[in-house]
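Before any comments, here is the structure.
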2 protein chains.
Amino acid sequence: MLITRTIAETRTAIAHARAQGKRIGFVPTMGYLHEGHLQLIDIARQHSDFVVVSIFVNPTQFGPHEDFASYPRDFERDRTLCEARGADLIFAPEVSEMYPERSLITFQIEKLADRLCGARRPGHFNGVVLVVSKLFNIVQPDIAVFGQKDAQQLIIIKRLVQDLNFPVRIISAPTVREPDGLAMSSRNVYLSPTQRAQSTVLYKSLQRAKTLIESGERDAKRVIAEMERVIATASEAKIDYIEIVRVSDLQPIEKLDGLVLIALAVYFGKARLIDNIILNVSDRAVREIAALP
Amino acid sequence: MLITRTIAETRTAIAHARAQGKRIGFVPTMGYLHEGHLQLIDIARQHSDFVVVSIFVNPTQFGPHEDFASYPRDFERDRTLCEARGADLIFAPEVSEMYPERSLITFQIEKLADRLCGARRPGHFNGVVLVVSKLFNIVQPDIAVFGQKDAQQLIIIKRLVQDLNFPVRIISAPTVREPDGLAMSSRNVYLSPTQRAQSTVLYKSLQRAKTLIESGERDAKRVIAEMERVIATASEAKIDYIEIVRVSDLQPIEKLDGLVLIALAVYFGKARLIDNIILNVSDRAVREIAALP
């Protein structure tokens with residue numbers, strides 16, 4: 001497995017693989033890898049011949065009071081995990097390599113960043129779209145894999161690729177959970193033992209929403225109220241948001257119909273955890289979509 | 001010479017050329033080609049093996065009261081000229097092919113679009129950067145050629161490539177002029193015979209500025225005042241702007257030093273013409289830069 005720190009050596013290594021006729025797969029990460037990331041690598045390997053994993057805690061997607069400085073980092077551990085999982089190259093640049101100067105060209109996102117995490121983290125998705133565009137142009141992958149755990153990010157990246165005609169296919173990967181249902185996240189290390197025990201209410205509330213909808217409920221407000229009741233059973237939980245939006249444009253809906261995203265963000269102390277499910281709702285049936293097409 | 005109308009067939013044709021080991025050159029245009037465009041094709045041929053010319057009047061770079069509808073178009077003439085000049089492929093999509101839906105992902109440009117044409121045409125360069133990004137992702141050229149006649153556009157595109165790490169080298173081409181000095185432009189067809197005769201004041205004013213600076217003048221205000229006097233000799237000329245800015249960030253300077261862009265926009269009736277020169281100014285010498293490195 002190769003490790004590169006500069007854009008130039010990354011391009012050279014990938015050009016070499018491409019010249020051998022290999023299809024390039026890409027998994028962008030912020031490191032501190034968990035099983036969720038590793039399954040993204042598995043999926044990338046299924047769809048390509050040379051898997052590039054980027055490890056870069058991207059400053060432009062963190063707000064001034066967010067956890068950029070304290071975000072967990074452990075390159076040696078990440079390296080071992082990537083190698084064991086069959087990655088071919090880790091691109092782990094310094095901030096100065098990715099941003100030698102402040103970018104004067106940045107992105108605007110209409111509609112898709114108005115709600116959910118976009119509303120709570122102003123500029124977050126603009127920074128995500130900037131770094132992902134840069135990484136796409138550096139790696140030039142044939143396919144790239146993103147986790148559905150970050151559903152809003154996934155939907156925005158799919159739209160970025162569509163609107164800007166990036167020559168890459170986005171593959172979405174199901175959320176990977178701990179045995180008790182908690183979605184895997186690098187930020188789970190922030191949880192105290194009590195918080196960790198209580199954090200299962202996130203997935204429980206999503207499951208409760210699904211059950212309600214399966215039994216015929218179509219009113220978004222009533223589903224959300226029931227989810228709030230489930231989360232309120234955790235004394236340390238502080239709800240940031242619970243929203244139900246259309247997958248197509250991430251705008252809120254009152255009456256559930258079609259592809260809907262049920263998403264939440266909840267604080268446990270300083271840890272802000274997110275989770276979601278995507279459901280295809282019709283009059284007669286409700287189907288969970290673990291990986292958007 | 002191939003002609004493509006869809007993104008898919010364009011990608012297929014270019015992939016075929018690339019598979020033969022050819023380097024891809026790219027000349028994006030809005031059509032109604034003149035000798036200036038054709039020299040961009042010449043330069044592209046010098047640096048690549050397969051030259052793609054796009055012909056697309058891009059609606060997102062026109063303001064609501066600008067000349068999108070009336071912008072001159074003549075595909076058959078353009079086709080003949082491209083073929084004669086040795087282009088390998090014309091990509092001429094419909095608006096619906098490039099923008100099947102309104103783009104929700106768009107660009108912001110800091111500093112570089114604040115002055116000159118950017119100040120007079122709000123949103124213009126955002127639309128330019130959007131369409132050029134899309135075209136880069138469709139054509140995936142090794143090199144792309146832009147005319148220095150559109151100096152602000154050239155500088156913004158160079159920064160786009162730098163900030164977003166587009167894997168393309170931008171080559172700038174000198175402004176091509178009529179024998180009397182008027183910079184070639186598709187919009188010159190808007191000029192009446194009287195306006196055409198008077199339009200030579202644009203280049204005369206730039207030459208006068210250069211002579212002044214060569215003889216020691218370093219005060220931007222005094223240079224601009226002298227240019228205004230030259231342009232005032234044309235009765236039908238109405239100055240939109242005359243500005244002197246740093247090439248590095250397109251911000252105005254008072255005292256000329258280093259790489260400076262002297263740029264102007266002047267109305268003759270409904271025709272808005274632009275022109276510029278770039279000078280490298282030091283204490284001892286003044287050198288004109290016909291093509292930025």
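Residues are referred to by chain and number: the chain letter is A, B, ... according to the order shown in the structure tokens, the number counts from 1 in that chain, and ligands are numbered separately from 1 in the order shown.
Proximity to chain A at a cut-off of 6 Å picks out Ser103, Leu104, Ile105, Thr106, Phe107, Gln108, Ile109, Glu110, Lys134, Asn137, Asp163, Leu164, Asn165 and Phe166 of chain B on chain B, counting only C-alpha atoms.
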Residues from the last selection, C-alpha atoms, saved as a tab-separated table (two decimals), in the first residue's frame:
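For reference, selection_3.tsv as written:
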chain	number	residue	atom	x	y	z
B	103	SER	CA	-27.89	24.00	-11.02
B	104	LEU	CA	-28.33	23.98	-7.23
B	105	ILE	CA	-24.56	23.95	-6.83
B	106	THR	CA	-23.03	27.22	-8.01
B	107	PHE	CA	-19.90	29.25	-7.41
B	108	GLN	CA	-18.90	32.21	-5.30
B	109	ILE	CA	-15.91	34.27	-6.34
B	110	GLU	CA	-14.12	36.35	-3.75
B	134	LYS	CA	-18.87	21.60	-16.38
B	137	ASN	CA	-15.48	17.73	-16.43
B	163	ASP	CA	-8.11	26.48	-6.04
B	164	LEU	CA	-10.05	23.39	-7.18
B	165	ASN	CA	-7.02	21.44	-8.49
B	166	PHE	CA	-8.53	20.85	-11.92
Inset, instruction - Pick out each residue of region 43-227 of chain A that DSSP on the backbone tags as strand (DSSP E or B); I need them as a count of residues only. - result: 27
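Each of B:Lys221, B:Lys238, B:Arg177, B:Arg284 was checked against Gln198 (chain B) using only C-alpha atoms; the smallest atom-to-atom distance is that of B:Lys238.
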Legend entry - Nearest to Val128 (chain A) by atom-to-atom distance, counting only C-alpha atoms, from A:Asp78, A:Asp150, A:Glu214, A:Asp257: A:Asp150
Legend entry - region 92-96 of chain B environment, 8 Å, only C-alpha atoms, sequence neighbours closer than 4 positions dropped, as an MDAnalysis selection string: chainID B and resid 3:7 54:56 58:59 100:101
Would you mind exporting N, CA and C atoms of the selected residues as a CSV table (one decimal), in the first residue's frame?
chain,number,residue,atom,x,y,z
B,3,ILE,N,-18.7,16.2,-34.8
B,3,ILE,CA,-19.6,17.1,-34.2
B,3,ILE,C,-20.5,16.4,-33.2
B,4,THR,N,-20.5,16.8,-32.0
B,4,THR,CA,-21.3,16.1,-31.0
B,4,THR,C,-22.3,17.1,-30.3
B,5,ARG,N,-23.4,16.6,-30.0
B,5,ARG,CA,-24.5,17.4,-29.4
B,5,ARG,C,-24.8,17.0,-27.9
B,6,THR,N,-24.4,15.8,-27.5
B,6,THR,CA,-24.7,15.4,-26.2
B,6,THR,C,-23.4,15.1,-25.4
B,7,ILE,N,-23.5,15.2,-24.1
B,7,ILE,CA,-22.4,15.0,-23.2
B,7,ILE,C,-21.9,13.5,-23.4
B,54,SER,N,-15.6,23.8,-28.0
B,54,SER,CA,-17.0,23.9,-27.6
B,54,SER,C,-17.7,25.2,-28.1
B,55,ILE,N,-18.9,25.1,-28.6
B,55,ILE,CA,-19.6,26.2,-29.1
B,55,ILE,C,-20.9,26.2,-28.3
B,56,PHE,N,-21.0,27.1,-27.3
B,56,PHE,CA,-22.2,27.1,-26.5
B,56,PHE,C,-22.4,28.5,-25.9
B,58,ASN,N,-23.7,30.4,-23.3
B,58,ASN,CA,-24.1,29.9,-22.0
B,58,ASN,C,-25.0,30.9,-21.3
B,59,PRO,N,-26.3,30.5,-21.1
B,59,PRO,CA,-27.2,31.5,-20.5
B,59,PRO,C,-26.9,31.9,-19.1
B,100,PRO,N,-30.1,20.5,-17.7
B,100,PRO,CA,-31.4,19.8,-17.7
B,100,PRO,C,-32.3,20.3,-16.5
B,101,GLU,N,-31.6,20.7,-15.5
B,101,GLU,CA,-32.3,21.4,-14.4
B,101,GLU,C,-31.4,22.5,-14.0
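Using only C-alpha atoms, the nearest neighbour of Thr10 (chain A) within the list A:Val53, A:Lys22, A:Val247, A:Asp42 is A:Val53.
Using only C-alpha atoms, the contacts of Leu191 (chain A) at a cut-off of 8 Å, with sequence neighbours closer than 6 positions omitted, comprise Phe268, Gly269 and Ala271 of chain A.
With CA of Thr60 (chain A) on one side and CA of Arg45 (chain A) on the other, the separation reads 28.8 Å.
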If you count only C-alpha atoms, which residues fall within 10 Å of Val189 (chain B), apart from same-chain ones fewer than 6 positions away, as a short mmCIF file (atom, residue, chain, number, x, y, z; two decimals) with N, CA and C atoms, in the first residue's frame?
data_model
loop_
_atom_site.label_atom_id
_atom_site.label_comp_id
_atom_site.auth_asym_id
_atom_site.auth_seq_id
_atom_site.Cartn_x
_atom_site.Cartn_y
_atom_site.Cartn_z
N TYR B 71 -27.31 37.40 -29.08
CA TYR B 71 -25.89 37.13 -29.31
C TYR B 71 -25.75 36.42 -30.66
N PRO B 72 -24.80 36.87 -31.52
CA PRO B 72 -24.75 36.31 -32.88
C PRO B 72 -24.40 34.82 -32.89
N ARG B 196 -17.74 51.76 -35.72
CA ARG B 196 -16.57 50.93 -36.03
C ARG B 196 -15.34 51.81 -36.24
N ALA B 271 -23.47 48.14 -28.32
CA ALA B 271 -22.29 47.27 -28.25
C ALA B 271 -21.42 47.68 -27.07
#
